[in-house]
file run.txt (compact mmCIF, C-alpha atoms)
# COMPACT_ATOMS: atom_id res chain seq x y z
CA MET W 4 -4.66 -27.46 -9.79
CA GLU W 5 -6.87 -27.09 -12.87
CA TRP W 6 -8.75 -24.18 -11.30
CA MET W 7 -5.50 -22.20 -11.16
CA SER W 8 -5.35 -22.24 -15.00
CA TRP W 9 -1.63 -23.00 -15.20
CA THR W 10 0.34 -22.39 -18.38
CA LEU W 11 3.87 -23.60 -19.11
CA PRO W 12 5.47 -20.09 -19.13
CA THR W 13 3.87 -19.11 -15.77
CA ALA W 14 4.82 -22.50 -14.25
CA LEU W 15 8.42 -21.94 -15.40
CA PHE W 16 8.35 -18.39 -14.02
CA PHE W 17 7.18 -19.47 -10.56
CA SER W 18 9.57 -22.43 -10.53
CA GLY W 19 12.37 -19.96 -11.28
CA ILE W 20 11.31 -17.70 -8.41
CA ALA W 21 11.05 -20.72 -6.05
CA ILE W 22 14.52 -21.95 -7.05
CA ILE W 23 15.97 -18.45 -6.51
CA LEU W 24 14.38 -18.25 -3.03
CA ILE W 25 15.58 -21.72 -2.03
CA GLY W 26 19.05 -20.92 -3.40
CA MET W 27 19.20 -17.61 -1.53
CA THR W 28 18.09 -19.31 1.71
CA ALA W 29 20.79 -21.97 1.35
CA TRP W 30 23.38 -19.27 0.55
CA GLN W 31 22.29 -17.31 3.63
CA ILE W 32 22.71 -20.39 5.86
CA VAL W 33 26.14 -21.24 4.41
CA SER W 34 27.43 -17.65 4.47
CA PRO W 35 25.21 -15.07 6.17
CA SER W 36 24.86 -11.79 4.28
CA ILE W 37 26.39 -8.61 5.70
CA GLU W 38 24.83 -5.20 4.99
CA ARG W 39 26.97 -3.09 2.70
CA ARG W 40 26.74 -0.03 0.50
CA GLY W 41 27.37 -0.37 -3.22
CA PHE W 42 26.27 1.90 -6.07
CA ILE W 43 22.73 1.99 -4.64
CA PRO W 44 22.74 4.77 -2.02
CA LEU W 45 21.48 2.39 0.67
CA GLU W 46 22.93 -0.24 2.94
CA THR W 47 21.56 -3.48 1.55
CA THR W 48 21.76 -7.19 2.26
CA ARG W 49 21.77 -9.83 -0.47
CA GLY W 50 18.02 -10.31 0.01
CA ASP W 51 17.36 -6.56 -0.31
CA ARG W 52 19.28 -6.48 -3.58
CA LEU W 53 17.36 -9.50 -4.87
CA PHE W 54 14.06 -7.79 -4.03
CA ILE W 55 15.14 -4.53 -5.71
CA GLY W 56 16.37 -6.54 -8.70
CA LEU W 57 13.14 -8.53 -9.09
CA LEU W 58 10.92 -5.46 -8.67
CA SER W 59 12.93 -3.36 -11.13
CA SER W 60 12.98 -6.30 -13.56
CA ALA W 61 9.18 -6.43 -13.43
CA PHE W 62 9.02 -2.73 -14.33
CA ILE W 63 11.63 -3.14 -17.09
CA HIS W 64 9.47 -5.89 -18.61
CA LEU W 65 6.33 -3.72 -18.32
CA ALA W 66 8.10 -0.78 -19.98
CA PHE W 67 9.27 -3.07 -22.77
CA VAL W 68 5.75 -4.40 -23.32
CA ALA W 69 4.22 -0.90 -23.30
CA LEU W 70 6.79 1.03 -25.30
CA THR W 71 8.30 -1.39 -27.79
CA ASN W 72 7.35 -4.27 -30.05
CA ALA W 73 10.67 -6.00 -29.45
CA ASP W 74 10.90 -9.63 -28.35
CA LEU W 75 10.45 -9.93 -24.59
CA ALA W 76 13.52 -12.19 -24.46
CA VAL W 77 15.58 -9.00 -25.00
CA ALA W 78 14.05 -7.51 -21.83
CA THR W 79 14.69 -10.74 -19.93
CA ALA W 80 18.33 -10.80 -21.08
CA LEU W 81 18.75 -7.15 -20.01
CA CYS W 82 17.19 -7.97 -16.64
CA VAL W 83 19.52 -10.92 -16.07
CA ILE W 84 22.53 -8.63 -16.74
CA TRP W 85 21.00 -5.96 -14.47
CA MET W 86 20.42 -8.53 -11.69
CA VAL W 87 24.04 -9.76 -11.87
CA ILE W 88 25.36 -6.16 -11.71
CA LEU W 89 22.99 -5.33 -8.84
CA MET W 90 23.81 -8.42 -6.79
CA ARG W 91 27.57 -7.99 -7.26
CA TRP W 92 28.06 -4.20 -7.09
CA GLY W 93 24.69 -2.86 -5.87
CA MET I 16 30.55 -15.07 29.17
CA GLN I 17 27.08 -16.25 28.33
CA THR I 18 26.62 -17.68 24.86
CA LYS I 19 23.37 -17.21 23.05
CA VAL I 20 21.73 -20.50 22.09
CA GLU I 21 20.31 -20.42 18.62
CA ASN I 22 17.70 -22.83 17.37
CA ASN I 23 15.10 -22.82 14.67
CA LYS I 24 12.11 -24.01 16.68
CA ALA I 25 10.47 -20.59 16.35
CA TRP I 26 9.90 -21.34 12.66
CA PHE I 27 7.24 -23.89 13.66
CA LEU I 28 5.36 -21.09 15.39
CA VAL I 29 5.49 -19.03 12.19
CA MET I 30 4.22 -21.92 10.05
CA PRO I 31 0.45 -21.35 10.67
CA VAL I 32 0.78 -17.71 9.57
CA PHE I 33 2.80 -18.78 6.55
CA LEU I 34 0.11 -21.31 5.57
CA ILE I 35 -2.69 -18.76 6.00
CA VAL I 36 -0.80 -16.20 3.91
CA ALA I 37 -0.12 -18.87 1.28
CA PHE I 38 -3.81 -19.71 0.97
CA SER I 39 -5.11 -16.16 1.21
CA ALA I 40 -2.46 -14.30 -0.80
CA ILE I 41 0.24 -16.30 -2.56
CA ILE I 42 -1.95 -18.90 -4.31
CA PRO I 43 -4.55 -16.32 -5.46
CA LEU I 44 -1.71 -14.11 -6.70
CA MET I 45 -0.24 -17.02 -8.68
CA THR I 46 -3.69 -17.66 -10.15
CA VAL I 47 -3.98 -14.02 -11.19
CA VAL I 48 -0.59 -14.30 -12.92
CA ASN I 49 -1.91 -17.34 -14.79
CA TYR I 50 -5.08 -15.50 -15.82
CA SER I 51 -3.12 -12.47 -17.01
CA VAL I 52 -1.53 -14.35 -19.91
CA GLN I 53 -4.70 -16.05 -21.13
CA ASP I 54 -7.94 -15.18 -22.85
CA ILE I 55 -10.55 -16.89 -20.71
CA PHE I 56 -13.97 -17.54 -22.22
CA ASP I 57 -15.25 -19.99 -19.61
CA PRO I 58 -13.65 -22.34 -17.05
CA TYR I 59 -12.83 -24.87 -19.78
CA THR I 60 -11.99 -22.63 -22.73
CA ARG I 61 -8.89 -20.51 -22.49
CA TYR I 62 -6.09 -19.50 -24.84
CA PHE I 63 -2.56 -18.36 -24.15
CA VAL I 64 -2.09 -14.77 -25.40
CA GLY I 65 1.31 -13.89 -23.93
CA THR I 66 1.72 -10.25 -22.93
CA GLU I 67 -1.18 -8.91 -25.01
CA TRP I 68 -3.29 -7.90 -21.99
CA PHE I 69 -0.35 -6.15 -20.37
CA LYS I 70 0.17 -4.07 -23.52
CA GLN I 71 -3.52 -3.21 -23.63
CA VAL I 72 -3.59 -2.24 -19.95
CA MET I 73 -0.38 -0.20 -20.10
CA LEU I 74 -1.70 1.84 -23.06
CA ASP I 75 -5.26 2.33 -21.76
CA SER I 76 -5.88 6.06 -21.20
CA ARG I 77 -8.79 5.43 -18.79
CA LEU I 78 -6.44 3.54 -16.52
CA HIS I 79 -3.78 6.26 -16.76
CA GLU I 80 -6.39 8.76 -15.60
CA ALA I 81 -7.58 6.46 -12.79
CA LEU I 82 -3.96 5.98 -11.68
CA LEU I 83 -3.35 9.74 -11.63
CA ARG I 84 -6.54 10.27 -9.62
CA GLN I 85 -5.49 7.52 -7.25
CA PHE I 86 -2.09 9.10 -6.56
CA ILE I 87 -3.63 12.57 -6.07
CA TYR I 88 -6.20 11.10 -3.71
CA SER I 89 -3.75 9.02 -1.65
CA PHE I 90 -1.18 11.80 -1.26
CA THR I 91 -3.87 14.36 -0.42
CA ILE I 92 -5.37 12.26 2.36
CA LEU I 93 -1.90 11.42 3.71
CA ALA I 94 -0.97 15.13 3.70
CA ILE I 95 -4.09 15.88 5.76
CA GLU I 96 -4.45 12.81 7.99
CA VAL I 97 -0.88 12.53 9.27
CA PRO I 98 -0.45 16.12 10.60
CA LEU I 99 -4.08 16.18 11.77
CA GLY I 100 -3.70 12.81 13.52
CA ILE I 101 -0.57 14.06 15.32
CA CYS I 102 -2.40 17.25 16.40
CA VAL I 103 -5.38 15.27 17.70
CA ALA I 104 -3.07 12.90 19.61
CA LEU I 105 -1.21 15.84 21.16
CA MET I 106 -4.46 17.43 22.28
CA MET I 107 -6.00 14.28 23.76
CA PRO I 108 -6.04 14.14 27.58
CA THR I 109 -3.50 11.78 29.09
CA LYS I 110 -5.01 10.93 32.47
CA GLY I 111 -8.32 10.24 34.14
CA ARG I 112 -11.80 9.65 32.77
CA GLY I 113 -11.25 12.27 30.08
CA ALA I 114 -8.56 10.08 28.51
CA SER I 115 -10.85 7.04 28.28
CA LEU I 116 -13.71 9.14 26.94
CA ALA I 117 -11.48 10.79 24.33
CA LEU I 118 -10.15 7.39 23.21
CA ILE I 119 -13.68 6.03 22.76
CA LEU I 120 -14.89 9.13 20.92
CA VAL I 121 -11.88 9.20 18.61
CA ALA I 122 -12.19 5.48 17.88
CA ILE I 123 -15.88 5.57 16.90
CA PRO I 124 -15.39 6.28 13.15
CA LEU I 125 -13.03 3.29 12.94
CA LEU I 126 -15.79 0.96 14.08
CA ILE I 127 -18.14 1.88 11.25
CA PRO I 128 -18.10 -0.42 8.19
CA TRP I 129 -16.95 1.12 4.90
CA ASN I 130 -20.29 0.92 3.10
CA VAL I 131 -22.04 2.52 6.08
CA VAL I 132 -19.48 5.34 6.04
CA GLY I 133 -20.32 5.89 2.36
CA THR I 134 -24.03 5.94 3.12
CA ILE I 135 -23.61 8.29 6.09
CA TRP I 136 -21.74 10.80 3.93
CA GLN I 137 -24.13 10.36 1.04
CA ILE I 138 -26.96 11.50 3.29
CA PHE I 139 -24.82 14.01 5.22
CA GLY I 140 -23.91 15.84 2.01
CA ARG I 141 -27.40 16.09 0.57
CA ALA I 142 -28.81 19.61 0.59
CA ASP I 143 -32.39 18.48 1.27
CA ILE I 144 -31.93 16.06 4.20
CA GLY I 145 -28.22 16.18 5.11
CA LEU I 146 -26.70 18.44 7.74
CA PHE I 147 -23.54 19.28 5.77
CA GLY I 148 -25.38 19.83 2.49
CA ALA I 149 -28.05 21.95 4.19
CA PHE I 150 -25.38 24.00 5.99
CA MET I 151 -23.54 24.68 2.72
CA ALA I 152 -26.82 25.74 1.09
CA GLU I 153 -27.58 27.97 4.09
CA ILE I 154 -24.27 29.86 3.79
CA GLY I 155 -24.88 30.29 0.08
CA VAL I 156 -22.38 27.75 -1.31
CA ASP I 157 -23.63 25.91 -4.36
CA TYR I 158 -22.57 22.46 -3.20
CA ASN I 159 -23.62 19.26 -4.95
CA TYR I 160 -21.33 16.23 -4.82
CA ALA I 161 -23.44 14.34 -7.36
CA SER I 162 -22.98 16.83 -10.19
CA ASN I 163 -19.89 18.91 -9.38
CA THR I 164 -16.43 17.33 -9.66
CA THR I 165 -14.78 19.59 -7.07
CA ASP I 166 -17.58 18.97 -4.58
CA ALA I 167 -17.37 15.21 -5.19
CA TRP I 168 -13.62 15.26 -4.53
CA LEU I 169 -14.03 17.44 -1.46
CA THR I 170 -16.62 15.05 -0.03
CA VAL I 171 -14.63 11.90 -0.80
CA ILE I 172 -11.54 13.42 0.85
CA LEU I 173 -13.48 14.73 3.86
CA MET I 174 -15.07 11.32 4.28
CA ASP I 175 -11.70 9.57 4.32
CA VAL I 176 -10.23 12.14 6.70
CA TRP I 177 -13.17 11.67 9.04
CA HIS I 178 -12.99 7.89 8.84
CA TRP I 179 -9.23 7.33 9.11
CA THR I 180 -7.60 10.26 10.93
CA PRO I 181 -8.55 8.48 14.20
CA LEU I 182 -6.29 5.58 13.24
CA VAL I 183 -3.29 7.91 12.88
CA ALA I 184 -4.33 9.74 16.06
CA LEU I 185 -4.58 6.52 18.10
CA LEU I 186 -1.24 5.26 16.80
CA CYS I 187 0.39 8.59 17.68
CA TYR I 188 -1.35 8.64 21.06
CA SER I 189 0.12 5.23 21.92
CA GLY I 190 3.53 6.45 20.69
CA LEU I 191 3.31 9.58 22.85
CA ARG I 192 2.33 7.57 25.94
CA ALA I 193 5.43 5.41 25.49
CA ILE I 194 7.81 8.39 25.91
CA PRO I 195 9.40 8.25 29.40
CA GLU I 196 8.72 11.23 31.66
CA VAL I 197 12.47 11.88 32.09
CA TYR I 198 12.65 13.31 28.55
CA TYR I 199 10.09 15.94 29.47
CA GLN I 200 11.86 16.64 32.77
CA ALA I 201 15.11 17.21 30.89
CA ALA I 202 13.29 19.52 28.47
CA ARG I 203 11.84 21.51 31.37
CA ILE I 204 15.31 21.89 32.92
CA ASP I 205 16.59 23.18 29.57
CA GLN I 206 13.54 25.49 29.38
CA ALA I 207 12.69 24.04 25.99
CA SER I 208 9.76 25.60 24.17
CA ARG I 209 6.62 23.59 23.33
CA TRP I 210 7.77 23.44 19.70
CA ALA I 211 11.28 22.24 20.71
CA VAL I 212 9.74 19.46 22.83
CA PHE I 213 7.63 18.39 19.88
CA ARG I 214 10.44 18.67 17.33
CA HIS I 215 13.23 17.01 19.34
CA ILE I 216 11.43 14.61 21.68
CA GLN I 217 7.93 13.74 20.52
CA LEU I 218 8.35 13.64 16.76
CA PRO I 219 11.51 11.44 16.78
CA LYS I 220 9.81 9.07 19.22
CA LEU I 221 6.76 8.90 16.95
CA THR I 222 8.74 7.82 13.89
CA ASN I 223 7.98 4.12 14.26
CA VAL I 224 4.24 4.53 14.71
CA LEU I 225 4.18 7.05 11.88
CA ILE I 226 5.87 4.51 9.58
CA ILE I 227 3.06 2.09 10.34
CA GLY I 228 0.42 4.84 10.04
CA VAL I 229 1.70 6.13 6.68
CA LEU I 230 2.08 2.64 5.23
CA LEU I 231 -1.36 1.49 6.41
CA ARG I 232 -3.07 4.64 5.20
CA PHE I 233 -1.27 4.65 1.87
CA MET I 234 -2.02 1.01 1.12
CA ASP I 235 -5.60 1.32 2.30
CA SER I 236 -6.31 4.54 0.43
CA PHE I 237 -4.60 3.24 -2.70
CA MET I 238 -6.97 0.27 -2.67
CA ILE I 239 -10.06 2.25 -1.68
CA TYR I 240 -13.28 1.02 -3.25
CA THR I 241 -16.40 0.89 -1.10
CA GLU I 242 -16.74 4.44 0.25
CA PRO I 243 -16.42 6.36 -3.08
CA PHE I 244 -18.48 3.64 -4.79
CA VAL I 245 -21.34 4.15 -2.34
CA LEU I 246 -20.96 7.93 -2.15
CA THR I 247 -20.47 8.99 -5.76
CA GLY I 248 -20.49 5.75 -7.76
CA GLY I 249 -17.24 7.00 -9.33
CA GLY I 250 -18.89 10.13 -10.70
CA PRO I 251 -19.74 12.71 -11.78
CA GLY I 252 -18.61 11.15 -15.07
CA SER I 253 -15.57 9.21 -13.99
CA SER I 254 -14.05 11.97 -11.85
CA THR I 255 -13.90 9.88 -8.67
CA THR I 256 -13.35 6.49 -10.30
CA PHE I 257 -10.26 5.14 -8.64
CA LEU I 258 -8.17 2.15 -9.63
CA SER I 259 -10.05 -0.54 -7.74
CA GLN I 260 -13.35 0.62 -9.16
CA SER I 261 -11.97 0.52 -12.70
CA LEU I 262 -10.68 -2.95 -11.92
CA VAL I 263 -14.03 -4.17 -10.61
CA GLN I 264 -15.83 -2.73 -13.66
CA GLN I 265 -13.44 -4.65 -15.90
CA ALA I 266 -13.31 -7.92 -13.95
CA ILE I 267 -16.90 -8.28 -12.76
CA GLY I 268 -18.86 -5.78 -14.86
CA GLN I 269 -17.42 -6.79 -18.23
CA PHE I 270 -16.02 -10.17 -17.13
CA ASP I 271 -12.70 -9.46 -18.90
CA ILE I 272 -10.72 -11.73 -16.59
CA GLY I 273 -7.47 -11.63 -18.58
CA PRO I 274 -7.09 -7.83 -18.90
CA ALA I 275 -8.35 -7.41 -15.33
CA ALA I 276 -5.67 -9.84 -14.08
CA ALA I 277 -2.96 -7.94 -16.00
CA PHE I 278 -4.31 -4.70 -14.51
CA SER I 279 -4.26 -6.24 -11.00
CA LEU I 280 -0.62 -7.18 -11.38
CA VAL I 281 0.40 -3.70 -12.55
CA TYR I 282 -1.62 -2.29 -9.64
CA PHE I 283 0.10 -4.70 -7.23
CA LEU I 284 3.57 -3.77 -8.53
CA ILE I 285 2.86 -0.05 -8.09
CA ILE I 286 1.70 -0.59 -4.48
CA LEU I 287 4.74 -2.76 -3.79
CA LEU I 288 7.09 -0.12 -5.23
CA VAL I 289 5.57 2.84 -3.38
CA CYS I 290 5.44 0.94 -0.07
CA TRP I 291 9.06 -0.13 -0.49
CA VAL I 292 10.10 3.47 -1.22
CA PHE I 293 8.21 4.74 1.85
CA TYR I 294 9.54 2.01 4.11
CA THR I 295 13.16 2.34 2.94
CA THR I 296 13.13 6.12 3.15
CA ILE I 297 11.73 6.18 6.67
CA MET I 298 13.99 3.36 7.92
CA ASN I 299 17.05 5.12 6.50
CA MET I 300 16.02 8.40 8.10
CA GLN I 301 16.06 6.51 11.41
CA LYS I 302 19.45 4.94 10.70
CA ASP I 303 21.00 8.33 9.86
CA LYS I 304 19.96 9.58 13.29
call {"tool": "encode", "arguments": {"input": "run.txt", "output": "structure tokens"}}
result
Amino acid sequence: MEWMSWTLPTALFFSGIAIILIGMTAWQIVSPSIERRGFIPLETTRGDRLFIGLLSSAFIHLAFVALTNADLAVATALCVIWMVILMRWG
Amino acid sequence: MQTKVENNKAWFLVMPVFLIVAFSAIIPLMTVVNYSVQDIFDPYTRYFVGTEWFKQVMLDSRLHEALLRQFIYSFTILAIEVPLGICVALMMPTKGRGASLALILVAIPLLIPWNVVGTIWQIFGRADIGLFGAFMAEIGVDYNYASNTTDAWLTVILMDVWHWTPLVALLCYSGLRAIPEVYYQAARIDQASRWAVFRHIQLPKLTNVLIIGVLLRFMDSFMIYTEPFVLTGGGPGSSTTFLSQSLVQQAIGQFDIGPAAAFSLVYFLIILLVCWVFYTTIMNMQKDK
């Protein structure tokens, strides 16, 4: 694993993604997702909303890094709120 | 009533693909993420720098220009190759020896390796020994792809159109062959015009292959490296330096692994976003029908 040059923050990041994916799979098995239309003008499943949420969160973080000098934890907090809104009402 | 038996044995059949993708894509991608937050001097000396490389990459004007060029290039070739591919497919013979011959002829450019395509066009465009270059000189056009930006762009686009329109054409051809004859019979009974047949029968039936064609061509053209590198070397100046060439210069030329990894991730996210937008738009167009 040394060749992959792991760092603690990236290990935590990938562990987080893995836990989300395992959690979503378990959720899907227990109660299968049904396509619905929320505030996004598309019919989406839970997985679609997760994908949109993760991708938009990546861009929010990039915009934060490029345009501000604020602590990145602020961007992460905003993204968590955004993900909750998206998953519930998206 | 028959009940459908559900089991998960099919997952075992998917496992080999999953493992191959893990080794060829997921693990390298994770490694790139790890590189992107470190300053790497050699395999044993590296320092965590947080998001510094991302800031540098996001504010780099050379990369902004390369990104703009990349979008212009990809959308231009899509705007040419998709309609042209459909036209070629519509004109190809459907039966007999002519059909086989046309398929072989159309497929030939696809069989040529990228660097050879670059070399072919490099020679083809030269005024002294190339047919295209000599023809342009003959008709009095001052054409030189090595020193003129417009000519370089024209040649790079022509080269891609020549190389990849056959892919779109073959996909459309297979889509057209899959349309049952009864649709055409119904159109003849209704005395539908050629345009109406195309607009209401052929084009809707081609949607699926066009999704694949547009996605493949977008992703491929957005990652293009070899052909422009061989043809123009990114020049004149940096007028045909696209994203992958900038990335290679940074990663291999300058050995700036950290910034290059950050750049790769931004590049990856842009491709992911555009492909998702394309895919979702086209799939929703189908649903609305």
call {"tool": "interface_residues", "arguments": {"input": "run.txt", "of": "chain W", "to": "chain I", "cutoff": "12 Å", "atoms": "all atoms listed in the file", "output": "PyMOL selection string"}}
result
chain W and resi 4-18+20+32+44-47+51+54-75
call {"tool": "atom_distance", "arguments": {"input": "run.txt", "atom1": "CA of Ile88 in chain W", "atom2": "CA of Ala277 in chain I"}}
result
28.7 Å
call {"tool": "axis_aligned_box", "arguments": {"input": "run.txt", "around": "range 72-85 of chain W", "padding_each_side": "8 Å", "output": "lines of an AutoDock Vina configuration file"}}
result
center_x = 14.9
center_y = -8.2
center_z = -22.3
size_x = 31.2
size_y = 23.9
size_z = 31.6
call {"tool": "atom_distance", "arguments": {"input": "run.txt", "atom1": "CA of Gly228 in chain I", "atom2": "CA of Leu182 in chain I"}}
result
7.5 Å
call {"tool": "residues_near_point", "arguments": {"input": "run.txt", "point": "(-13.4, 6.1, -2.3)", "cutoff": "9 Å", "atoms": "only C-alpha atoms", "output": "VMD selection string"}}
result
chain I and resid 88 133 171 to 172 174 to 175 236 238 to 249 255 to 257 260
call {"tool": "atom_distance", "arguments": {"input": "run.txt", "atom1": "CA of Leu185 in chain I", "atom2": "CA of Cys290 in chain I"}}
result
21.5 Å
call {"tool": "residues_around", "arguments": {"input": "run.txt", "residues": "Arg91 in chain W", "least_positions_apart": "5", "cutoff": "10 Å", "atoms": "only C-alpha atoms", "output": "JSON list (two decimals) with C-alpha atoms, in the coordinates of the input"}}
result
[["chain", "number", "residue", "atom", "x", "y", "z"],
["W", 41, "GLY", "CA", 27.37, -0.37, -3.22],
["W", 49, "ARG", "CA", 21.77, -9.83, -0.47],
["W", 52, "ARG", "CA", 19.28, -6.48, -3.58],
["W", 85, "TRP", "CA", 21.00, -5.96, -14.47],
["W", 86, "MET", "CA", 20.42, -8.53, -11.69]]
call {"tool": "build_atoms", "arguments": {"input": "run.txt", "residues": "range 17-44 of chain W", "atoms": "N, CA and C atoms", "output": "CSV table (one decimal), in the frame of the given file"}}
result
chain,number,residue,atom,x,y,z
W,17,PHE,N,7.3,-19.3,-12.0
W,17,PHE,CA,7.2,-19.5,-10.6
W,17,PHE,C,8.2,-20.5,-10.1
W,18,SER,N,8.5,-21.5,-10.9
W,18,SER,CA,9.6,-22.4,-10.5
W,18,SER,C,10.9,-21.7,-10.4
W,19,GLY,N,11.1,-20.8,-11.3
W,19,GLY,CA,12.4,-20.0,-11.3
W,19,GLY,C,12.4,-19.2,-10.0
W,20,ILE,N,11.3,-18.5,-9.6
W,20,ILE,CA,11.3,-17.7,-8.4
W,20,ILE,C,11.6,-18.6,-7.2
W,21,ALA,N,10.9,-19.8,-7.2
W,21,ALA,CA,11.0,-20.7,-6.0
W,21,ALA,C,12.5,-21.2,-5.9
W,22,ILE,N,13.1,-21.5,-7.1
W,22,ILE,CA,14.5,-22.0,-7.0
W,22,ILE,C,15.4,-20.8,-6.5
W,23,ILE,N,15.2,-19.6,-7.0
W,23,ILE,CA,16.0,-18.4,-6.5
W,23,ILE,C,15.8,-18.3,-5.0
W,24,LEU,N,14.6,-18.4,-4.5
W,24,LEU,CA,14.4,-18.2,-3.0
W,24,LEU,C,15.1,-19.4,-2.2
W,25,ILE,N,14.9,-20.6,-2.7
W,25,ILE,CA,15.6,-21.7,-2.0
W,25,ILE,C,17.1,-21.5,-2.1
W,26,GLY,N,17.6,-21.1,-3.2
W,26,GLY,CA,19.0,-20.9,-3.4
W,26,GLY,C,19.6,-19.8,-2.5
W,27,MET,N,18.8,-18.7,-2.4
W,27,MET,CA,19.2,-17.6,-1.5
W,27,MET,C,19.2,-18.0,-0.1
W,28,THR,N,18.2,-18.8,0.3
W,28,THR,CA,18.1,-19.3,1.7
W,28,THR,C,19.3,-20.2,2.0
W,29,ALA,N,19.6,-21.1,1.1
W,29,ALA,CA,20.8,-22.0,1.4
W,29,ALA,C,22.1,-21.1,1.5
W,30,TRP,N,22.2,-20.1,0.6
W,30,TRP,CA,23.4,-19.3,0.6
W,30,TRP,C,23.5,-18.5,1.9
W,31,GLN,N,22.3,-18.1,2.4
W,31,GLN,CA,22.3,-17.3,3.6
W,31,GLN,C,22.7,-18.2,4.8
W,32,ILE,N,22.3,-19.5,4.8
W,32,ILE,CA,22.7,-20.4,5.9
W,32,ILE,C,24.2,-20.7,5.8
W,33,VAL,N,24.7,-20.9,4.6
W,33,VAL,CA,26.1,-21.2,4.4
W,33,VAL,C,27.0,-20.0,4.7
W,34,SER,N,26.7,-18.9,4.2
W,34,SER,CA,27.4,-17.6,4.5
W,34,SER,C,26.5,-16.5,4.6
W,35,PRO,N,26.2,-16.1,5.9
W,35,PRO,CA,25.2,-15.1,6.2
W,35,PRO,C,25.6,-13.7,5.5
W,36,SER,N,24.6,-13.1,5.0
W,36,SER,CA,24.9,-11.8,4.3
W,36,SER,C,25.2,-10.7,5.3
W,37,ILE,N,26.1,-9.8,4.9
W,37,ILE,CA,26.4,-8.6,5.7
W,37,ILE,C,25.9,-7.4,4.9
W,38,GLU,N,25.3,-6.4,5.7
W,38,GLU,CA,24.8,-5.2,5.0
W,38,GLU,C,26.0,-4.4,4.5
W,39,ARG,N,25.9,-3.9,3.2
W,39,ARG,CA,27.0,-3.1,2.7
W,39,ARG,C,26.4,-2.1,1.7
W,40,ARG,N,27.2,-1.1,1.4
W,40,ARG,CA,26.7,0.0,0.5
W,40,ARG,C,27.5,-0.1,-0.8
W,41,GLY,N,26.8,-0.3,-1.9
W,41,GLY,CA,27.4,-0.4,-3.2
W,41,GLY,C,27.0,0.9,-4.0
W,42,PHE,N,26.7,0.7,-5.3
W,42,PHE,CA,26.3,1.9,-6.1
W,42,PHE,C,24.9,2.4,-5.7
W,43,ILE,N,24.0,1.5,-5.1
W,43,ILE,CA,22.7,2.0,-4.6
W,43,ILE,C,23.0,2.8,-3.4
W,44,PRO,N,22.4,4.0,-3.2
W,44,PRO,CA,22.7,4.8,-2.0
W,44,PRO,C,22.1,4.3,-0.8
